[in-house]
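Report on one structure; see the data block that follows.
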Amino acid sequence: MTRSTSALYHCPPAYLALCLAMAIAAPVSAQDTANSGPAAANDQTTPNSTSSTPSSNNAKTLAGMQVTANSTAVGAIAPTQGSTIATQPQSIIGSTYIQENIPPTGDYTDIVAISPSVYTVTPNGSGLMEAPVVSIRGFQDGQYNVTFDGIPWMDSNDFTHHSTSYFTNQETSSVVVDRGPGTAGTLGNATFGGTISVDSIDPHNQFGISPYISFGSWETAVEGARIDTGSFTSSGTTAVLNVQNSSSDGYLTDAGQRRQSVFAKVVQPLGENTTLTFAGMWNKLDQYVPFGATKAQIAQYGVNYGLNDNPASQAYYRYNQDQINTNMGYIGLHSEFDGWTIDNKAYTYGYNHFGFNGEDPNGETPNGTAYSPDNVPGQHMRNTNRSWGDIFRLSKEIGPGEVRTGVWYDHQDDIRWLYEFDDTLNQLNPVIAPGAPTLALASADRLMTDSLVTIQPFVEYQWNITDNAYFVGGVKYNYFKRDLEAPVNQKTETPLDYSKDWNATLPSAAFHYAFTSNWTAYAQWAKGFLAPNLNLLYVPNPSVSDSAVQPEKTTNIQLGTTWSSDRLTLSGDVYKIDFNNFVQSSKIGGITEFYNGGGVHYKGVELEGTYMLGGGFSVYANGSLNRAIQTTDGLWNANTPHKTAALGFIYSDGPVYASLVDKFVGKTYYTANATDDTPIGGYAITNFAASYKFDPHISDVKDFKIGVQLNNLFNNTHINALAGTTVADSTPLFWTIPARNFNFTITADLF
């Protein structure tokens, strides 16, 4: 029987009112231009992302990857499409695909799954637990940037992301998968493998209220409402608010989730050339978290085995849960005057996570604590961080082009602790250092505070060679510093007080050429980098190895082209990436030391396109051939499918929308342990979606929309990823594909 968190966390009637108050009081954000329209990409720039691809021969915005999809009929319904202004491979995913095809519980990882070279795993259903695998060309989470409205965010210890902890599907207008390090203006701690840029919704110009409700498989329910104020002052102030509640038992056994989210944005024009924007979000998440299942458990309990309801088991669902609160906000100013453009965003975001787990939920570790050989051992942890930062960009038309410069500053503080626990008695389990002076120190696996400061200034120049060609060259300097103060350091369980800084200089160059108004091409050479992980300091004496460790870097060479017309959008690219300075570790005399050694050679080809057949029908396809070979041993890089492909048929005509889309992921190899090199066979998942919008002829109801999504139509429940290994014997754990499921959604547009 599946356990829902709704029994554990009660939501009082006043909760939504409290959410509204918190949204208004929360830190706020800014976005420079609206991103409206069915595809969120109607021939306009979106200055919210992190790279700096010029939008024209004289680019006017500074926000980074200025996303422009095709302002054509096919551009409005294409699931993914390239950009005619891009200087590196990218896939733009607009609001039509997001709202019609992604389940209401989904997040950005479910959205990007359709893109070429992307491989994702959602074991509990869309958005119902953090995605354990999100791979782009073989680069793993933590090796690429994710931005919200142009702001890089991550856990500073390893640069990974909590996919369910920030914006929801209903608060997202578009997503761009940028497969490369970008230009010098691409900011973030992990430009190494690319950038996923998530842009939030913008206020509508007309007043309206859009309540929505959805229900689906596994007792899934979503309730929410979007409120647009329209222009409500003489200066044209607009605002949008989205309030949402969701709950689900989840696909995996005893893996329920409860989530509440609030998002608000206010856009204030200041004269004709300046815009001030405020926005903020707040998210609360409660969930029970499985860790995968062994093949023996899958055979015995079924493909959806996750946790159980036995209090004497380390896999008891109440012993394995997350309680997470997050918030994010920024205030931004965008202004253009006398050939100058200024763009500034000051932001903050916070993540507060209390986690609980059995010692070895799916493994061979027997019960037993310091108090009784029969008691259930577990762990309690906390990870909380707060970032403060600012992104400043400035541009000026000079000579035959434009110079762009700016700086990103970010400071993140973390608190991290982990204690051994007796789950039977619900108290600390003093088995780490039994002779310690306090019970807490006797039970502590880690007790630490750390900080990361990043400063990235950049400068680049766009030289407009002709009306059809331009060259962008620039350089970015990166400085980052780590401080760690640990009474109990992770791994060593000994005290450490240490500080270390690194730096890197990253040049880039790109050429863009327009053969015609709808056919362009580009060539790019750029350096990417990945700042050293905090685990570099999880050793007794970090100075032994850290002086020899340089940031991991990539050298990217990419060529691509995009064609766009009223009926066809088509993009293709080839790439070659050399990853070097791979940070590895070895034990010498029982002491772990880190060093740079080896890397990975990546290369491949990617295609995507949509063609309108006529009569409302379109066909969509994408594909990639990917290769990622480790240089030290010649083995295939983990989490890198050798190919991906998608094929879809879409019908969009007036109030009717329907799509049938299949995504194929090729074979992937995992090295679970020294004796287990596990191939995961290729698999395909087919999804169907349909909706109908109509006028119900009810006073104050403009239109009414009903929609249905049937996911995994052919019920493929095969193993699709390695989840890790057990603690005691390193037995491989696996994830499987969620079984066939559905979502039914009703939306109304009022007033």
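Following the order of the structure tokens, chains are lettered A, B, ..., residues in each are numbered from 1, and ligands are numbered from 1.
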
For Ala486 of chain A, list every protein, DNA or RNA residue within 7 Å, evaluated using only C-alpha atoms, and leave out those in the same chain fewer than 3 positions away; present the list as a VMD selection string.
chain A and resid 447 to 449 489 495 to 497

Residues from the last selection, all heavy atoms, saved as a PDB file, in the first residue's frame:
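Now in part36.pdb:
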```
ATOM      1  N   LEU A 447      29.559  17.601  10.872  1.00  0.00           N
ATOM      2  CA  LEU A 447      29.042  18.813  11.509  1.00  0.00           C
ATOM      3  C   LEU A 447      29.897  19.948  10.972  1.00  0.00           C
ATOM      4  O   LEU A 447      31.042  20.127  11.387  1.00  0.00           O
ATOM      5  CB  LEU A 447      29.146  18.701  13.033  1.00  0.00           C
ATOM      6  CG  LEU A 447      28.607  19.866  13.858  1.00  0.00           C
ATOM      7  CD1 LEU A 447      27.132  20.106  13.575  1.00  0.00           C
ATOM      8  CD2 LEU A 447      28.834  19.601  15.345  1.00  0.00           C
ATOM      9  N   MET A 448      29.348  20.726  10.028  1.00  0.00           N
ATOM     10  CA  MET A 448      30.208  21.629   9.283  1.00  0.00           C
ATOM     11  C   MET A 448      29.430  22.829   8.750  1.00  0.00           C
ATOM     12  O   MET A 448      28.220  22.763   8.522  1.00  0.00           O
ATOM     13  CB  MET A 448      30.869  20.875   8.116  1.00  0.00           C
ATOM     14  CG  MET A 448      29.865  20.120   7.257  1.00  0.00           C
ATOM     15  SD  MET A 448      30.580  18.723   6.341  1.00  0.00           S
ATOM     16  CE  MET A 448      31.674  19.575   5.227  1.00  0.00           C
ATOM     17  N   THR A 449      30.148  23.927   8.597  1.00  0.00           N
ATOM     18  CA  THR A 449      29.649  25.098   7.882  1.00  0.00           C
ATOM     19  C   THR A 449      30.676  25.429   6.807  1.00  0.00           C
ATOM     20  O   THR A 449      31.882  25.300   7.018  1.00  0.00           O
ATOM     21  CB  THR A 449      29.461  26.308   8.816  1.00  0.00           C
ATOM     22  OG1 THR A 449      30.724  26.643   9.412  1.00  0.00           O
ATOM     23  CG2 THR A 449      28.459  25.990   9.910  1.00  0.00           C
ATOM     24  N   ASN A 489      34.442  16.812  10.228  1.00  0.00           N
ATOM     25  CA  ASN A 489      34.483  16.906   8.776  1.00  0.00           C
ATOM     26  C   ASN A 489      33.892  15.650   8.141  1.00  0.00           C
ATOM     27  O   ASN A 489      34.025  14.541   8.672  1.00  0.00           O
ATOM     28  CB  ASN A 489      35.928  17.086   8.304  1.00  0.00           C
ATOM     29  CG  ASN A 489      36.021  17.512   6.850  1.00  0.00           C
ATOM     30  OD1 ASN A 489      35.040  17.974   6.258  1.00  0.00           O
ATOM     31  ND2 ASN A 489      37.200  17.364   6.270  1.00  0.00           N
ATOM     32  N   PRO A 495      38.193  17.214  13.085  1.00  0.00           N
ATOM     33  CA  PRO A 495      38.030  18.658  12.888  1.00  0.00           C
ATOM     34  C   PRO A 495      38.870  19.173  11.717  1.00  0.00           C
ATOM     35  O   PRO A 495      39.930  18.633  11.400  1.00  0.00           O
ATOM     36  CB  PRO A 495      38.518  19.260  14.211  1.00  0.00           C
ATOM     37  CG  PRO A 495      38.478  18.136  15.193  1.00  0.00           C
ATOM     38  CD  PRO A 495      38.761  16.895  14.410  1.00  0.00           C
ATOM     39  N   LEU A 496      38.355  20.249  11.086  1.00  0.00           N
ATOM     40  CA  LEU A 496      39.100  20.906  10.015  1.00  0.00           C
ATOM     41  C   LEU A 496      38.634  22.356   9.905  1.00  0.00           C
ATOM     42  O   LEU A 496      37.437  22.639   9.934  1.00  0.00           O
ATOM     43  CB  LEU A 496      38.890  20.207   8.675  1.00  0.00           C
ATOM     44  CG  LEU A 496      39.631  20.832   7.485  1.00  0.00           C
ATOM     45  CD1 LEU A 496      41.144  20.650   7.623  1.00  0.00           C
ATOM     46  CD2 LEU A 496      39.140  20.258   6.159  1.00  0.00           C
ATOM     47  N   ASP A 497      39.592  23.269   9.792  1.00  0.00           N
ATOM     48  CA  ASP A 497      39.316  24.683   9.512  1.00  0.00           C
ATOM     49  C   ASP A 497      40.238  25.067   8.361  1.00  0.00           C
ATOM     50  O   ASP A 497      41.460  25.144   8.531  1.00  0.00           O
ATOM     51  CB  ASP A 497      39.589  25.537  10.753  1.00  0.00           C
ATOM     52  CG  ASP A 497      39.095  26.970  10.579  1.00  0.00           C
ATOM     53  OD1 ASP A 497      38.736  27.345   9.445  1.00  0.00           O
ATOM     54  OD2 ASP A 497      39.089  27.716  11.579  1.00  0.00           O
TER      55      ASP A 497
END
```

For Val407 of chain A, find every residue with an atom within 10 Å (counting only C-alpha atoms), except residues of its own chain fewer than 2 positions away, and show them as a CSV table (one decimal) with N, CA, C and O atoms, in the first residue's frame.
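Output below, filename selection-v1.csv:
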```
chain,number,residue,atom,x,y,z
A,185,GLY,N,30.0,36.0,-21.7
A,185,GLY,CA,28.9,36.5,-20.9
A,185,GLY,C,28.0,35.4,-20.3
A,185,GLY,O,27.1,35.7,-19.5
A,187,LEU,N,27.3,33.0,-17.5
A,187,LEU,CA,27.8,33.1,-16.1
A,187,LEU,C,27.3,31.8,-15.3
A,187,LEU,O,26.2,31.3,-15.6
A,344,ASN,N,20.6,45.0,-14.5
A,344,ASN,CA,21.1,44.5,-13.2
A,344,ASN,C,20.1,43.7,-12.5
A,344,ASN,O,18.9,44.1,-12.5
A,390,ASP,N,24.5,39.3,-7.3
A,390,ASP,CA,24.1,40.4,-8.2
A,390,ASP,C,24.7,40.1,-9.5
A,390,ASP,O,25.9,39.6,-9.6
A,391,ILE,N,24.0,40.3,-10.6
A,391,ILE,CA,24.4,40.2,-12.0
A,391,ILE,C,24.3,41.6,-12.6
A,391,ILE,O,23.2,42.1,-12.8
A,392,PHE,N,25.4,42.1,-13.0
A,392,PHE,CA,25.4,43.5,-13.6
A,392,PHE,C,25.9,43.3,-15.1
A,392,PHE,O,27.0,42.7,-15.3
A,393,ARG,N,25.2,43.9,-16.0
A,393,ARG,CA,25.6,43.9,-17.4
A,393,ARG,C,25.5,45.3,-18.0
A,393,ARG,O,24.6,46.0,-17.7
A,394,LEU,N,26.5,45.6,-18.9
A,394,LEU,CA,26.5,46.9,-19.5
A,394,LEU,C,26.9,46.7,-21.0
A,394,LEU,O,27.9,46.0,-21.2
A,405,THR,N,30.0,44.1,-21.3
A,405,THR,CA,30.8,43.7,-20.1
A,405,THR,C,29.9,43.6,-18.9
A,405,THR,O,28.7,44.0,-19.0
A,409,TYR,N,28.5,38.3,-9.0
A,409,TYR,CA,29.0,38.0,-7.7
A,409,TYR,C,28.0,37.2,-7.0
A,409,TYR,O,26.8,37.5,-7.0
A,455,ILE,N,33.3,35.2,-8.1
A,455,ILE,CA,33.3,36.5,-8.8
A,455,ILE,C,33.7,36.3,-10.2
A,455,ILE,O,34.8,35.7,-10.5
A,456,GLN,N,32.9,36.7,-11.2
A,456,GLN,CA,33.1,36.4,-12.6
A,456,GLN,C,32.9,37.7,-13.4
A,456,GLN,O,31.8,38.0,-13.8
A,457,PRO,N,34.0,38.5,-13.7
A,457,PRO,CA,33.9,39.6,-14.6
A,457,PRO,C,34.1,39.1,-16.0
A,457,PRO,O,34.8,38.1,-16.2
A,458,PHE,N,33.5,39.8,-17.0
A,458,PHE,CA,33.7,39.4,-18.4
A,458,PHE,C,33.7,40.6,-19.3
A,458,PHE,O,33.1,41.6,-19.0
A,459,VAL,N,34.2,40.4,-20.5
A,459,VAL,CA,34.1,41.4,-21.5
A,459,VAL,C,34.1,40.7,-22.9
A,459,VAL,O,34.8,39.7,-23.1
A,476,LYS,N,36.4,35.6,-20.0
A,476,LYS,CA,35.8,35.7,-18.7
A,476,LYS,C,36.8,35.2,-17.7
A,476,LYS,O,37.6,34.2,-17.9
A,477,TYR,N,36.9,35.9,-16.6
A,477,TYR,CA,37.8,35.5,-15.5
A,477,TYR,C,37.0,35.0,-14.3
A,477,TYR,O,36.0,35.7,-14.0
A,478,ASN,N,37.4,33.9,-13.8
A,478,ASN,CA,36.6,33.3,-12.7
A,478,ASN,C,37.5,33.2,-11.5
A,478,ASN,O,38.5,32.6,-11.5
```

Two-atom distance - atom CA of Ile331 of chain A, atom CA of Asp149 of chain A (Å)
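Going from atom CA of Ile331 of chain A over to atom CA of Asp149 of chain A, I get 11.2 Å.
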
Distance criterion (only C-alpha atoms): nearest to Thr365 of chain A out of A:Gln314, A:Thr632, A:Asn468, A:Gln81
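The shortest atom-to-atom distance to Thr365 of chain A comes from A:Gln314.
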
Distance query Pro203 of chain A at most 7 Å, only C-alpha atoms, self and fewer than 5 positions along chain excluded, as a PDB file with all heavy atoms, in the first residue's frame:
```pdb
ATOM      1  N   ASP A 228      -3.932  37.360 -12.912  1.00  0.00           N
ATOM      2  CA  ASP A 228      -3.275  38.464 -13.607  1.00  0.00           C
ATOM      3  C   ASP A 228      -4.033  39.752 -13.323  1.00  0.00           C
ATOM      4  O   ASP A 228      -5.254  39.809 -13.509  1.00  0.00           O
ATOM      5  CB  ASP A 228      -3.243  38.210 -15.108  1.00  0.00           C
ATOM      6  CG  ASP A 228      -2.210  37.175 -15.500  1.00  0.00           C
ATOM      7  OD1 ASP A 228      -1.049  37.562 -15.694  1.00  0.00           O
ATOM      8  OD2 ASP A 228      -2.571  35.988 -15.614  1.00  0.00           O
ATOM      9  N   THR A 238       1.885  45.915 -14.095  1.00  0.00           N
ATOM     10  CA  THR A 238       1.190  44.642 -14.216  1.00  0.00           C
ATOM     11  C   THR A 238       1.772  43.654 -13.209  1.00  0.00           C
ATOM     12  O   THR A 238       2.912  43.788 -12.768  1.00  0.00           O
ATOM     13  CB  THR A 238       1.326  44.052 -15.628  1.00  0.00           C
ATOM     14  OG1 THR A 238       2.716  43.918 -15.946  1.00  0.00           O
ATOM     15  CG2 THR A 238       0.648  44.932 -16.657  1.00  0.00           C
ATOM     16  N   ALA A 239       0.973  42.647 -12.863  1.00  0.00           N
ATOM     17  CA  ALA A 239       1.428  41.642 -11.895  1.00  0.00           C
ATOM     18  C   ALA A 239       0.756  40.311 -12.186  1.00  0.00           C
ATOM     19  O   ALA A 239      -0.332  40.249 -12.776  1.00  0.00           O
ATOM     20  CB  ALA A 239       1.129  42.097 -10.461  1.00  0.00           C
ATOM     21  N   VAL A 240       1.407  39.226 -11.759  1.00  0.00           N
ATOM     22  CA  VAL A 240       0.855  37.885 -11.869  1.00  0.00           C
ATOM     23  C   VAL A 240       1.155  37.133 -10.580  1.00  0.00           C
ATOM     24  O   VAL A 240       2.215  37.323  -9.967  1.00  0.00           O
ATOM     25  CB  VAL A 240       1.421  37.133 -13.093  1.00  0.00           C
ATOM     26  CG1 VAL A 240       2.931  36.957 -12.983  1.00  0.00           C
ATOM     27  CG2 VAL A 240       0.743  35.783 -13.275  1.00  0.00           C
TER      28      VAL A 240
END
```

For the interface of segment 186-235 of chain A with segment 162-170 of chain A (cut-off 10 Å, counting only C-alpha atoms), please tabulate each contacting residue of segment 186-235 of chain A alongside its nearest pair of atoms and their separation in Å to one decimal, rows sorted by chain and increasing number, as CSV.
```
residue,atom,partner,partner_atom,distance
A:Val198,CA,A:Phe167,CA,8.7
A:Asp199,CA,A:Phe167,CA,9.3
A:Ser200,CA,A:Phe167,CA,7.7
A:Ile201,CA,A:Gln170,CA,8.1
A:Tyr212,CA,A:Gln170,CA,9.9
A:Gly224,CA,A:Gln170,CA,9.1
A:Ala225,CA,A:Gln170,CA,9.3
A:Arg226,CA,A:Gln170,CA,8.5
```

Using only C-alpha atoms, can you tell me which of A:Met328, A:Ser235, A:Ser372, A:Gln257 comes closest to Gly280 of chain A?
A:Met328

Pick out the closest residue to Asn596 of chain A from this set: A:Pro551, A:Gly648, A:Gly666, A:Pro732. Count only C-alpha atoms.
A:Pro551

Could you tell me, as number ranges by chain, which residues of segment 619-745 of chain A DSSP assigns to strand (DSSP E) when given the backbone?
A: 619-630, 643-653, 656-665, 668-673, 676-680, 683-694, 701-711, 719-725, 732-736, 741-745

All residues 8 Å or closer to segment 687-691 of chain A, only C-alpha atoms, same chain fewer than 5 positions away omitted, as an MDAnalysis selection string
chainID A and resid 100:101 655:662 705:713

Residue list (alpha helix (DSSP H), DSSP) for segment 259-399 of chain A, as a count of residues only:
7
